[in-house]
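Everything below concerns the one structure shown next.
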Amino acid sequence: MPELPEVETIRRCVAPGVIDQTVTDVIIRNPNLRWPVPPALPDCMRGRKISAVERRGKYLLFDCGTGTLIVHLGMSGKMLLEPESKPAEKHDHVDFTLSNGKILRLNDPRRFGCVLWTLEPPRLHPLLRDLGPEPLTEQFHGDLLYERSRGRSVTVKEFIMNSHIVVGVGNIYANESLFAAKIHPTRPAGRISLQRYRQLAAAIKEVLHAAVEQGGTTLRDFCDSAGNPGYFQLELRVYKRAGQPCCACGQPIQTIRQAQRATFFCKKCQH
DNA sequence: TTAATCACCTGAGGGC
DNA sequence: TGCCCTCAGGTGATTA
């Protein structure tokens, strides 16, 4: 599923093909995404030139001058740049036809994603205005995690997956980051020291940075061959490795459920 | 304000 | 082979 590194890779991948292109048409095949695709979207976008493609958390922002297209890929979405002649396939819900003969196409089998249009600065949009800092910037650091966790009884894993604390840490990277920082995922967030939060913040940055690099290699296929679905198998150390030996100590990786999500950890290395 | 739970959705995989 | 069930997961909304 697209996590922050995959979304960033898709942004880098599609940007050269859409920037400075004019949207000549918008085709909505299925408006029933997480929120209904605005029926007026074609009228809003037709004739507008895309000047930039940015990312905020897992949201892609297509700057069209006086308005912005906001796209979230949910759990199963992907955006592909395809030739105009390529017929739509199952789950191709929205097409943006561009002046260079390409189509920017949203495919999302589970329809957890969204396609929205806003005239206000996107950072003021209700979905984006309360988001936490970007994890790969200087605005995100261990001191911030420490300060914002005081008095919180929620587990540290749920805490770092909260997009109001920091954006882009999904289940996979939460598991991997906590392993790297040697912190047990069920520890209450408010009872972790500043020093350990500094280690955790560094681990989150390291894991996400490495994943962006790997995703960059993986997802390039989406642009070139338009649809190769295979994700590069990240070198995951705990995620989906239940019962397998820990790469550090050899003890079997444990799995539990937290907040309806699978958690993987090493009970010897993480405490 | 915080925490817990629910809802949304479809494909994959396992059991029978 | 086909049917049924469970699981996976991001995130806003709702409830306590």
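In the structure tokens, chains take the letters A, B, ... in the order shown, each chain's residues start at 1, and ligands count up from 1 in the order shown.
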Write out, as a tab-separated table, each residue of chain A that has an atom at most 9 Å from chain C, together with the closest pair of atoms and their distance in Å to one decimal, counting only C-alpha atoms (C1' of nucleotides), rows going by chain and rising number.
```
residue	atom	partner	partner_atom	distance
A:Met1	CA	C:DG9	C1'	8.1
A:Gly74	CA	C:DG10	C1'	6.0
A:Met75	CA	C:DG9	C1'	6.3
A:Phe112	CA	C:DG10	C1'	7.8
A:Gly113	CA	C:DG10	C1'	8.9
A:Ser163	CA	C:DT11	C1'	8.9
A:Gly170	CA	C:DG10	C1'	7.9
A:Asn171	CA	C:DG9	C1'	8.1
A:Arg261	CA	C:DG9	C1'	7.4
A:Ala262	CA	C:DA8	C1'	8.8
```
Would you tabulate, counting only C-alpha atoms (C1' of nucleotides), all residues of chain B that have an atom at most 12 Å from an atom of chain A, showing the closest pair of atoms and their distance in Å to one decimal, sorted by chain then ascending number, as a tab-separated table?
```
residue	atom	partner	partner_atom	distance
B:DT1	C1'	A:Arg152	CA	10.4
B:DT2	C1'	A:Arg152	CA	7.9
B:DA3	C1'	A:Val154	CA	7.3
B:DA4	C1'	A:Ala259	CA	8.3
B:DT5	C1'	A:Ala259	CA	8.9
B:DC6	C1'	A:Gln260	CA	10.9
B:DA7	C1'	A:Arg34	CA	10.7
B:DC8	C1'	A:Phe112	CA	7.1
B:DC9	C1'	A:Arg110	CA	4.6
B:DT10	C1'	A:Arg110	CA	5.0
B:DG11	C1'	A:Pro109	CA	8.4
```
Any chance you could export the current selection's N, CA, C and O atoms (P, O5', C5', C4', C3', O3' and C1' of nucleotides) as a CSV table (one decimal), in the first residue's frame?
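So result.csv came out as:
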```csv
chain,number,residue,atom,x,y,z
B,1,DT,P,-8.7,21.4,23.1
B,1,DT,O5',-8.2,20.0,23.8
B,1,DT,C5',-7.6,20.0,25.1
B,1,DT,C4',-7.4,18.6,25.5
B,1,DT,C3',-6.7,17.7,24.5
B,1,DT,O3',-5.6,17.0,25.1
B,1,DT,C1',-8.7,16.7,25.4
B,2,DT,P,-4.7,16.2,24.1
B,2,DT,O5',-5.2,14.7,24.5
B,2,DT,C5',-5.3,14.3,25.8
B,2,DT,C4',-6.0,13.0,25.9
B,2,DT,C3',-5.5,11.9,24.9
B,2,DT,O3',-5.0,10.8,25.6
B,2,DT,C1',-7.9,12.0,25.0
B,3,DA,P,-4.3,9.6,25.0
B,3,DA,O5',-5.5,8.6,24.9
B,3,DA,C5',-6.2,8.2,26.0
B,3,DA,C4',-7.3,7.2,25.7
B,3,DA,C3',-6.9,6.1,24.7
B,3,DA,O3',-7.3,4.9,25.3
B,3,DA,C1',-8.8,7.2,23.9
B,4,DA,P,-7.0,3.5,24.6
B,4,DA,O5',-8.3,3.1,24.0
B,4,DA,C5',-9.5,3.1,24.8
B,4,DA,C4',-10.7,2.8,24.0
B,4,DA,C3',-10.5,1.7,23.0
B,4,DA,O3',-11.6,0.7,23.1
B,4,DA,C1',-11.4,3.6,21.9
B,5,DT,P,-11.7,-0.6,22.3
B,5,DT,O5',-12.7,-0.3,21.2
B,5,DT,C5',-13.9,0.3,21.5
B,5,DT,C4',-14.7,0.8,20.3
B,5,DT,C3',-14.7,-0.2,19.1
B,5,DT,O3',-16.0,-0.6,18.9
B,5,DT,C1',-14.2,2.0,18.4
B,6,DC,P,-16.3,-1.7,17.8
B,6,DC,O5',-16.8,-0.8,16.5
B,6,DC,C5',-17.8,0.3,16.8
B,6,DC,C4',-18.0,1.1,15.6
B,6,DC,C3',-18.1,0.3,14.3
B,6,DC,O3',-19.3,0.7,13.6
B,6,DC,C1',-16.5,1.9,14.0
B,7,DA,P,-20.0,-0.2,12.5
B,7,DA,O5',-19.6,0.6,11.2
B,7,DA,C5',-19.8,1.9,11.1
B,7,DA,C4',-19.1,2.5,9.9
B,7,DA,C3',-19.2,1.6,8.6
B,7,DA,O3',-19.8,2.3,7.6
B,7,DA,C1',-17.0,2.4,9.1
B,8,DC,P,-20.4,1.4,6.4
B,8,DC,O5',-19.3,1.7,5.3
B,8,DC,C5',-19.0,3.0,4.9
B,8,DC,C4',-17.7,3.0,4.2
B,8,DC,C3',-17.4,1.9,3.2
B,8,DC,O3',-17.7,2.5,1.9
B,8,DC,C1',-15.5,2.4,4.5
B,9,DC,P,-18.4,1.5,0.8
B,9,DC,O5',-17.2,0.6,0.4
B,9,DC,C5',-16.1,1.2,-0.3
B,9,DC,C4',-15.0,0.1,-0.5
B,9,DC,C3',-15.5,-1.2,-1.1
B,9,DC,O3',-15.3,-1.2,-2.5
B,9,DC,C1',-13.8,-1.5,0.6
B,10,DT,P,-16.0,-2.3,-3.4
B,10,DT,O5',-14.7,-3.3,-3.5
B,10,DT,C5',-13.5,-2.7,-4.0
B,10,DT,C4',-12.4,-3.7,-3.8
B,10,DT,C3',-12.6,-5.1,-4.4
B,10,DT,O3',-11.5,-5.4,-5.2
B,10,DT,C1',-11.9,-5.3,-2.2
B,11,DG,P,-11.6,-6.6,-6.3
B,11,DG,O5',-10.2,-7.3,-5.9
B,11,DG,C5',-9.0,-6.6,-5.7
B,11,DG,C4',-8.1,-7.4,-4.9
B,11,DG,C3',-7.9,-8.8,-5.3
B,11,DG,O3',-6.5,-9.1,-5.3
B,11,DG,C1',-8.5,-8.8,-3.1
```
Q: Identify all residues of segment 76-168 of chain A in helix (DSSP H, G or I) (DSSP on the backbone) and supply them as a PyMOL selection string.
A: chain A and resi 122-124+142-149+156-160
Q: Taking the DSSP assignment computed from this structure's backbone, write out as a list of chain:residue names all residues of segment 47-80 of chain A that belong to strand (DSSP E).
A: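 DSSP on the backbone gives strand (DSSP E) at A:Ala52, A:Val53, A:Glu54, A:Arg55, A:Arg56, A:Tyr59, A:Leu60, A:Leu61, A:Phe62, A:Asp63, A:Thr68, A:Leu69, A:Ile70, A:Val71, A:His72, A:Lys78, A:Met79, A:Leu80.
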Q) Can you tell me, as JSON, numbers by chain, what residues are no more than 6 Å from segment 177-181 of chain A when counting only C-alpha atoms (C1' of nucleotides), ignoring any on the same chain fewer than 4 positions away? A) {"A": [173, 199, 200, 203, 204]}
(Q) Which residues are close to Pro2 of chain A, i.e. within 9 Å by only C-alpha atoms (C1' of nucleotides), leaving aside same-chain residues fewer than 3 positions away? Reply as a list in words. (A)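 Near Pro2 of chain A, the qualifying residues are Pro5, Glu6, Val7, Lys58, Leu73, Gly74, Met75, Ser76, Gly77 and Lys78 of chain A.
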**Q.** Polymer residues at most 10 Å from Ile183 of chain A, only C-alpha atoms (C1' of nucleotides), same-chain spacing of 5 or more positions, as a list in words
**A.**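 Those residues are Val156, Lys157, Asn175, Ser177, Leu178, Ile192, Arg196, Tyr197, Gln199, Leu200, Phe265, Cys266, Lys267, Cys269, Gln270 and His271 of chain A.
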Any chance you could export the current selection's N, CA and C atoms as a PDB file, in the first residue's frame?
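File out.pdb, as written:
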```
ATOM      1  N   VAL A 156       3.112   3.893  22.381  1.00  0.00           N
ATOM      2  CA  VAL A 156       4.036   4.666  21.547  1.00  0.00           C
ATOM      3  C   VAL A 156       3.820   4.378  20.067  1.00  0.00           C
ATOM      4  N   LYS A 157       3.423   3.149  19.752  1.00  0.00           N
ATOM      5  CA  LYS A 157       3.204   2.849  18.327  1.00  0.00           C
ATOM      6  C   LYS A 157       2.020   3.638  17.782  1.00  0.00           C
ATOM      7  N   ASN A 175       6.390  -0.127  12.867  1.00  0.00           N
ATOM      8  CA  ASN A 175       7.000  -1.358  13.376  1.00  0.00           C
ATOM      9  C   ASN A 175       8.523  -1.341  13.201  1.00  0.00           C
ATOM     10  N   SER A 177      10.576   1.215  12.675  1.00  0.00           N
ATOM     11  CA  SER A 177      11.256   2.292  13.409  1.00  0.00           C
ATOM     12  C   SER A 177      11.396   1.944  14.886  1.00  0.00           C
ATOM     13  N   LEU A 178      10.337   1.360  15.459  1.00  0.00           N
ATOM     14  CA  LEU A 178      10.404   0.992  16.876  1.00  0.00           C
ATOM     15  C   LEU A 178      11.426  -0.111  17.100  1.00  0.00           C
ATOM     16  N   ILE A 192       8.159   7.521  28.109  1.00  0.00           N
ATOM     17  CA  ILE A 192       9.406   7.279  27.373  1.00  0.00           C
ATOM     18  C   ILE A 192      10.291   8.514  27.503  1.00  0.00           C
ATOM     19  N   ARG A 196      15.335   8.509  24.504  1.00  0.00           N
ATOM     20  CA  ARG A 196      14.811   7.436  23.664  1.00  0.00           C
ATOM     21  C   ARG A 196      13.957   8.004  22.525  1.00  0.00           C
ATOM     22  N   TYR A 197      13.274   9.120  22.787  1.00  0.00           N
ATOM     23  CA  TYR A 197      12.520   9.750  21.696  1.00  0.00           C
ATOM     24  C   TYR A 197      13.460  10.312  20.635  1.00  0.00           C
ATOM     25  N   GLN A 199      16.260   8.928  19.852  1.00  0.00           N
ATOM     26  CA  GLN A 199      16.647   7.727  19.090  1.00  0.00           C
ATOM     27  C   GLN A 199      15.529   7.308  18.138  1.00  0.00           C
ATOM     28  N   LEU A 200      14.282   7.411  18.631  1.00  0.00           N
ATOM     29  CA  LEU A 200      13.145   7.007  17.799  1.00  0.00           C
ATOM     30  C   LEU A 200      12.982   7.937  16.597  1.00  0.00           C
ATOM     31  N   PHE A 265       7.331  -7.330  16.742  1.00  0.00           N
ATOM     32  CA  PHE A 265       8.439  -6.830  17.551  1.00  0.00           C
ATOM     33  C   PHE A 265       9.269  -7.996  18.078  1.00  0.00           C
ATOM     34  N   CYS A 266      10.457  -7.669  18.602  1.00  0.00           N
ATOM     35  CA  CYS A 266      11.310  -8.650  19.270  1.00  0.00           C
ATOM     36  C   CYS A 266      11.272  -8.346  20.758  1.00  0.00           C
ATOM     37  N   LYS A 267      10.776  -9.287  21.533  1.00  0.00           N
ATOM     38  CA  LYS A 267      10.607  -9.005  22.963  1.00  0.00           C
ATOM     39  C   LYS A 267      11.931  -8.964  23.705  1.00  0.00           C
ATOM     40  N   CYS A 269      14.904  -7.630  22.180  1.00  0.00           N
ATOM     41  CA  CYS A 269      15.619  -6.410  21.770  1.00  0.00           C
ATOM     42  C   CYS A 269      14.860  -5.137  22.130  1.00  0.00           C
ATOM     43  N   GLN A 270      13.528  -5.233  22.168  1.00  0.00           N
ATOM     44  CA  GLN A 270      12.727  -4.022  22.391  1.00  0.00           C
ATOM     45  C   GLN A 270      12.145  -4.044  23.808  1.00  0.00           C
ATOM     46  N   HIS A 271      12.307  -2.914  24.490  1.00  0.00           N
ATOM     47  CA  HIS A 271      11.787  -2.844  25.855  1.00  0.00           C
ATOM     48  C   HIS A 271      11.369  -1.431  26.200  1.00  0.00           C
TER      49      HIS A 271
END
```
Q.
Give me, as a list in words, all polymer residues having an atom no more than 8 Å from Cys249 of chain A, counting only C-alpha atoms (C1' of nucleotides) and skipping those fewer than 3 positions away in the same chain.
A. Pro245, Cys246, Lys268 and Cys269 of chain A
Write a file of the just-selected residues containing C-alpha atoms, as a PDB file, in the first residue's frame.
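This is the output file again-v8.pdb:
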```pdb
ATOM      1  CA  PRO A 245      14.347 -15.254  14.070  1.00  0.00           C
ATOM      2  CA  CYS A 246      15.223 -11.691  15.011  1.00  0.00           C
ATOM      3  CA  LYS A 268      14.300  -9.383  23.748  1.00  0.00           C
ATOM      4  CA  CYS A 269      15.619  -6.410  21.770  1.00  0.00           C
TER       5      CYS A 269
END
```
